[in-house]
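Comments concern the structure below.
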Amino acid sequence: MKTKNIEIVVAPREPHYVGDGFRVHNFIPSGYRLDMERMDPFILLDYNSPFYFPPTDKPRGVSVHPHRGFETVTIAYQGKVAHHDSSGNSGVIDVGDVQWMTAASGILHKEYHEEKFSKEGGYFQMAQLWVNLPAKYKMSTPKYQGITNSQINKYQLTDNKGIIEVVAGSYKGIKGAASTFSPVNVFNARLEAGAKAGFTFPANFNTALLVVDGEINVNGSETIAENHFVLFENEGEEFSIEASKKSTVLILSGEPLNEPIAAQGPFVMNTPEQIAQAIKDYNLGRFGYLEE
Amino acid sequence: MDLQNFTKYLKAKANIPEQEFQLLIKKVKFKNIEKGELLLRPGEICRHSFFVEKGLLRSFTVGNSGKEHIIQFGSENWIVSDRSSTFFNEPSDLFIDAIEDTKVVLINSDFIEAASEISSSFRHYNQMALQNHIRHQQKRINLLLSASAEARYLNFIQLYPDLTLRVPQWMIASYLGITPESLSRVRKELAHKNFRPN
């Protein structure tokens, strides 16, 4: 098998706020060469690097908003998020947990810092990923997978130098906790200094990583600093990482859907007509109702 | 600045030969304005019409109690202005500001006159735009005086389909002349009528 080389390393952009609770660097789709088509089926990645939110009685977050046509994946590294949606699901995404929400035909939801976390204040660190749905599943029934850290299968690296948490897909025979609609791999590599891990994905899969904490070396050749994003070439299958200090790395690899993308705000469909329909349906209450 | 929308707009509205189009486009100015920045304050004379190349503007007044009343929203390809202030050369009652970071094209009377001279179709378009503005204002007065909150909302989503995704609820309520609570009730009732879980 051939080595999968780095195509580009992308530095974090200036952060912006989503609502008043998420201070994020956007990588996909506004990062250099990281548009939706290039990263297909990963159509958005917002990363809230560690940021201190002071105590407040009024939880910060994002008020009621719709989604249609894809899945939102929220990965909590520090801090807690409370979530409610129009299907009646609610829960708290705790440190180490992952929430995998399939918006599909349409859902309303709101996301706020959890009450106790808000009152006490603290460091907040989170990633939100949008995974596109194949055309035939875009209008399927919404669903929700609240995955706690204990439900995520972990691969133990040699010498107990770290673990690979398999959120979705599979790693060395260990299956991911989340069910997906197309071949998608999402891992968190939690590495001690000196830990090494290798990854193998088909050449055509769009593959990337984000250094969430620490610093790593990729393929023994390039050092990647914290908060930096690595896009791999669509050639070769294997790459390796080595932590130069204690590190957490988000690994993404997915088979491109190669379907047309029409996107506006919180809707990602295949045609502009479907976007117009989504807006109309949302305005007319066809996504249901959720109290602010 | 990339003026794709304005160029397309002008070419669609006026049959202007390319050479003259290049002269005309020199008469407009462009401006990038940040979210929250004002383009017009009460007491000022409105010297321009603001064509929205990208982003979102609103015109509004502020009542004695400090409450904002939104007169108009203008997203891409809309023109926001105070026509009467411009025409009668009198102080405006309006604020105009940006709800999002916005790229605007500043159109003044010099441009309108030059374009009208060059192109009869622009002259015709300018007449139509004025009549259309009056029609819109009349309908809006009538809706505000006589229509239910739901009817006003249904009219709004037809006129501005994507603004429900771009502006906060209270601004939509302000435009509709209803309380945010009433708007919330209208949306809840619509969901009750129209939501069919699959």
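Just so we're on the same page: first chain in the structure tokens is A, next is B, and so on; residues restart at 1 for each chain, and ligands are numbered from 1 in the order they show up.
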Q: Give the alpha helix (DSSP H) residues of chain B, as assigned by DSSP on the backbone, as a ChimeraX atom specification.
A: /B:4-13,18-25,83-88,109-118,120-146,149-159,169-176,180-194
For the contact check between chain A and chain B, emit one row per residue of chain A within 9 Å, containing the shortest atom pair and the distance in Å rounded to one decimal, counting only C-alpha atoms, chain then rising number order, as a tab-separated table.
```
residue	atom	partner	partner_atom	distance
A:His65	CA	B:Leu165	CA	7.9
A:Pro66	CA	B:Leu165	CA	8.6
A:Ser87	CA	B:Pro197	CA	8.9
A:Ser105	CA	B:Asn198	CA	8.4
A:Ser140	CA	B:Asn198	CA	7.8
A:Thr141	CA	B:Asn198	CA	6.0
A:Pro142	CA	B:Asn198	CA	8.7
A:Gly265	CA	B:Leu165	CA	7.4
A:Pro266	CA	B:Leu165	CA	8.2
A:Ala276	CA	B:Pro161	CA	8.3
A:Ile279	CA	B:Asp162	CA	6.4
A:Lys280	CA	B:Pro161	CA	7.0
A:Asp281	CA	B:Asn194	CA	8.8
A:Tyr282	CA	B:Thr164	CA	8.8
A:Asn283	CA	B:Ile157	CA	6.7
A:Leu284	CA	B:Leu190	CA	6.0
A:Gly285	CA	B:Ala191	CA	3.8
A:Arg286	CA	B:Phe195	CA	4.3
A:Phe287	CA	B:Phe195	CA	6.2
A:Gly288	CA	B:Ala191	CA	5.1
A:Tyr289	CA	B:Ala191	CA	5.8
A:Leu290	CA	B:Lys188	CA	8.2
A:Glu291	CA	B:Ser184	CA	8.4
A:Glu292	CA	B:Ser184	CA	8.8
```
Give me a file of those residues, with C-alpha atoms, as a PDB file, in the first residue's frame.
```
ATOM      1  CA  HIS A  65     -33.085  26.799  14.180  1.00  0.00           C
ATOM      2  CA  PRO A  66     -33.866  24.226  11.481  1.00  0.00           C
ATOM      3  CA  SER A  87     -38.923  15.424  17.830  1.00  0.00           C
ATOM      4  CA  SER A 105     -36.318  15.630   6.257  1.00  0.00           C
ATOM      5  CA  SER A 140     -35.878  10.215   5.495  1.00  0.00           C
ATOM      6  CA  THR A 141     -37.143  10.357   9.078  1.00  0.00           C
ATOM      7  CA  PRO A 142     -35.011  12.403  11.481  1.00  0.00           C
ATOM      8  CA  GLY A 265     -27.782  28.385   5.636  1.00  0.00           C
ATOM      9  CA  PRO A 266     -29.012  25.368   7.586  1.00  0.00           C
ATOM     10  CA  ALA A 276     -36.546  26.869  -1.910  1.00  0.00           C
ATOM     11  CA  ILE A 279     -37.297  27.394   3.221  1.00  0.00           C
ATOM     12  CA  LYS A 280     -40.997  27.312   2.381  1.00  0.00           C
ATOM     13  CA  ASP A 281     -41.599  24.240   4.539  1.00  0.00           C
ATOM     14  CA  TYR A 282     -39.736  25.798   7.451  1.00  0.00           C
ATOM     15  CA  ASN A 283     -41.678  29.067   7.166  1.00  0.00           C
ATOM     16  CA  LEU A 284     -44.994  27.218   7.072  1.00  0.00           C
ATOM     17  CA  GLY A 285     -44.264  25.173  10.181  1.00  0.00           C
ATOM     18  CA  ARG A 286     -43.702  21.869   8.374  1.00  0.00           C
ATOM     19  CA  PHE A 287     -40.625  21.237  10.547  1.00  0.00           C
ATOM     20  CA  GLY A 288     -42.826  21.228  13.641  1.00  0.00           C
ATOM     21  CA  TYR A 289     -42.472  23.584  16.559  1.00  0.00           C
ATOM     22  CA  LEU A 290     -40.004  24.080  19.384  1.00  0.00           C
ATOM     23  CA  GLU A 291     -40.287  26.707  22.147  1.00  0.00           C
ATOM     24  CA  GLU A 292     -37.465  29.275  22.237  1.00  0.00           C
TER      25      GLU A 292
END
```
Q) Leaving out Asn5 in chain A and any residue of its chain fewer than 4 positions from it, which residues lie within 12 Å of it when counting only C-alpha atoms, given as a list of chain:residue names? A) A:Val9, A:Ala203, A:Thr207, A:Ala208, A:Val218, A:Asn219, A:Gly220, A:Ser221, A:Glu222, A:Val230, A:Leu231, A:Phe232, A:Glu233, A:Asn234, A:Glu235, A:Gly236, A:Glu237, A:Glu238, A:Phe239, A:Ser240, A:Ile241
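Backbone DSSP of range 100-150 of chain B yields strand (DSSP E) at Thr102, Lys103, Val104, Val105, Leu106 and Ile107 of chain B.
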Since we have the selection now, will you write its residues out, keeping N, CA and C atoms, as an mmCIF file, in the first residue's frame?
```
data_model
loop_
_atom_site.group_PDB
_atom_site.id
_atom_site.type_symbol
_atom_site.label_atom_id
_atom_site.label_comp_id
_atom_site.auth_asym_id
_atom_site.auth_seq_id
_atom_site.Cartn_x
_atom_site.Cartn_y
_atom_site.Cartn_z
ATOM 1 N N THR B 102 -22.393 44.102 4.822
ATOM 2 C CA THR B 102 -23.093 44.300 3.553
ATOM 3 C C THR B 102 -22.241 45.074 2.554
ATOM 4 N N LYS B 103 -22.363 44.651 1.295
ATOM 5 C CA LYS B 103 -21.752 45.415 0.203
ATOM 6 C C LYS B 103 -22.868 46.196 -0.471
ATOM 7 N N VAL B 104 -22.754 47.538 -0.512
ATOM 8 C CA VAL B 104 -23.808 48.323 -1.146
ATOM 9 C C VAL B 104 -23.278 49.114 -2.325
ATOM 10 N N VAL B 105 -24.183 49.349 -3.267
ATOM 11 C CA VAL B 105 -23.896 50.246 -4.382
ATOM 12 C C VAL B 105 -24.680 51.517 -4.104
ATOM 13 N N LEU B 106 -23.988 52.659 -4.087
ATOM 14 C CA LEU B 106 -24.643 53.933 -3.803
ATOM 15 C C LEU B 106 -25.081 54.575 -5.112
ATOM 16 N N ILE B 107 -26.391 54.721 -5.257
ATOM 17 C CA ILE B 107 -26.934 55.285 -6.492
ATOM 18 C C ILE B 107 -27.427 56.698 -6.178
#
```
(Q) Need to verify the contact set: range 3-9 of chain B, 8 Å, only C-alpha atoms, exclusion of same-chain residues closer than 5 positions in sequence. Can you return it as an MDAnalysis selection string? (A) chainID B and resid 51 53 76:77 105
For the residues selected in the previous step, produce a file with N, CA and C atoms as an mmCIF file, in the first residue's frame.
```
data_model
loop_
_atom_site.group_PDB
_atom_site.id
_atom_site.type_symbol
_atom_site.label_atom_id
_atom_site.label_comp_id
_atom_site.auth_asym_id
_atom_site.auth_seq_id
_atom_site.Cartn_x
_atom_site.Cartn_y
_atom_site.Cartn_z
ATOM 1 N N PHE B 51 -28.334 50.025 -3.204
ATOM 2 C CA PHE B 51 -28.571 48.721 -3.825
ATOM 3 C C PHE B 51 -27.738 47.691 -3.072
ATOM 4 N N GLU B 53 -25.729 44.656 -2.912
ATOM 5 C CA GLU B 53 -24.985 43.687 -3.728
ATOM 6 C C GLU B 53 -24.902 42.359 -2.980
ATOM 7 N N GLU B 76 -30.184 40.884 -0.954
ATOM 8 C CA GLU B 76 -29.535 40.978 -2.263
ATOM 9 C C GLU B 76 -30.537 41.406 -3.356
ATOM 10 N N ASN B 77 -30.118 42.362 -4.164
ATOM 11 C CA ASN B 77 -30.889 42.897 -5.304
ATOM 12 C C ASN B 77 -32.046 43.806 -4.897
ATOM 13 N N VAL B 105 -24.183 49.349 -3.267
ATOM 14 C CA VAL B 105 -23.896 50.246 -4.382
ATOM 15 C C VAL B 105 -24.680 51.517 -4.104
#
```
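Residues with any atom within 8 Å of range 120-130 of chain A, counting only C-alpha atoms and excluding same-chain neighbours fewer than 5 positions away, are Phe42, Ile43, Leu44, Leu45, Asp46, Tyr47, Asn48, Ser49, Pro50, Phe51, Tyr52, Phe53, Pro54, Pro55, Thr56, Phe70, Glu71, Thr72, Val73, Thr74, Ile75, Ala76, Tyr77, Gln78, Gly79 and Lys80 of chain A.
Within 9 Å of range 10-14 of chain B there are Asn5, Phe6, Thr7, Phe21, Ala115, Ser116, Ser119, Ser120, Ser121, Phe122, Arg123, His124, Tyr125 and Asn126 of chain B, counting only C-alpha atoms and ignoring same-chain residues fewer than 3 positions away.
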Writing out the chosen residues with N, CA and C atoms as an mmCIF file, in the first residue's frame:
```
data_model
loop_
_atom_site.group_PDB
_atom_site.id
_atom_site.type_symbol
_atom_site.label_atom_id
_atom_site.label_comp_id
_atom_site.auth_asym_id
_atom_site.auth_seq_id
_atom_site.Cartn_x
_atom_site.Cartn_y
_atom_site.Cartn_z
ATOM 1 N N ASN B 5 -24.181 41.267 -9.022
ATOM 2 C CA ASN B 5 -25.627 41.456 -8.910
ATOM 3 C C ASN B 5 -26.064 42.779 -9.510
ATOM 4 N N PHE B 6 -25.304 43.841 -9.209
ATOM 5 C CA PHE B 6 -25.699 45.157 -9.715
ATOM 6 C C PHE B 6 -25.600 45.209 -11.239
ATOM 7 N N THR B 7 -24.538 44.632 -11.776
ATOM 8 C CA THR B 7 -24.360 44.607 -13.229
ATOM 9 C C THR B 7 -25.507 43.837 -13.892
ATOM 10 N N PHE B 21 -22.491 51.666 -20.863
ATOM 11 C CA PHE B 21 -22.608 50.984 -19.565
ATOM 12 C C PHE B 21 -21.333 51.236 -18.736
ATOM 13 N N ALA B 115 -28.573 57.583 -16.690
ATOM 14 C CA ALA B 115 -29.090 56.307 -17.208
ATOM 15 C C ALA B 115 -30.391 56.541 -17.975
ATOM 16 N N SER B 116 -31.218 57.462 -17.479
ATOM 17 C CA SER B 116 -32.490 57.756 -18.149
ATOM 18 C C SER B 116 -32.251 58.399 -19.510
ATOM 19 N N SER B 119 -30.932 55.552 -21.884
ATOM 20 C CA SER B 119 -31.794 54.412 -22.184
ATOM 21 C C SER B 119 -33.261 54.685 -21.860
ATOM 22 N N SER B 120 -34.089 54.534 -22.873
ATOM 23 C CA SER B 120 -35.528 54.739 -22.619
ATOM 24 C C SER B 120 -36.068 53.584 -21.768
ATOM 25 N N SER B 121 -35.466 52.398 -21.918
ATOM 26 C CA SER B 121 -35.967 51.300 -21.087
ATOM 27 C C SER B 121 -35.618 51.523 -19.613
ATOM 28 N N PHE B 122 -34.505 52.209 -19.345
ATOM 29 C CA PHE B 122 -34.217 52.525 -17.946
ATOM 30 C C PHE B 122 -35.225 53.538 -17.416
ATOM 31 N N ARG B 123 -35.555 54.507 -18.268
ATOM 32 C CA ARG B 123 -36.559 55.529 -17.888
ATOM 33 C C ARG B 123 -37.867 54.835 -17.521
ATOM 34 N N HIS B 124 -38.245 53.932 -18.366
ATOM 35 C CA HIS B 124 -39.488 53.178 -18.141
ATOM 36 C C HIS B 124 -39.381 52.365 -16.848
ATOM 37 N N TYR B 125 -38.243 51.712 -16.688
ATOM 38 C CA TYR B 125 -38.031 50.906 -15.475
ATOM 39 C C TYR B 125 -38.128 51.781 -14.224
ATOM 40 N N ASN B 126 -37.525 52.961 -14.276
ATOM 41 C CA ASN B 126 -37.515 53.845 -13.109
ATOM 42 C C ASN B 126 -38.941 54.258 -12.730
#
```
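Taking CA of Ala177 in chain A and CA of Glu192 in chain A as endpoints, the distance between them is 23.3 Å.
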Q | Nearby residues (only C-alpha atoms) at most 7 Å from Leu209 in chain A, same-chain spacing under 4 positions excluded, as JSON, numbers by chain | A | {"A": [229, 230, 231, 249, 250, 251, 252]}
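If you look at CA of Ile93 in chain A and CA of Gly69 in chain A, they are 22.5 Å away from each other.
Proximity ranking of A:Ser30, A:Asn188, A:Pro12, A:Ile163 relative to Ala225 in chain A places A:Pro12 first, based on only C-alpha atoms.
The nearest approach to Ala243 in chain A among the residues A:Asn160, A:Ser150, A:Asn258, A:Asn217, with only C-alpha atoms taken into account, belongs to A:Asn217.
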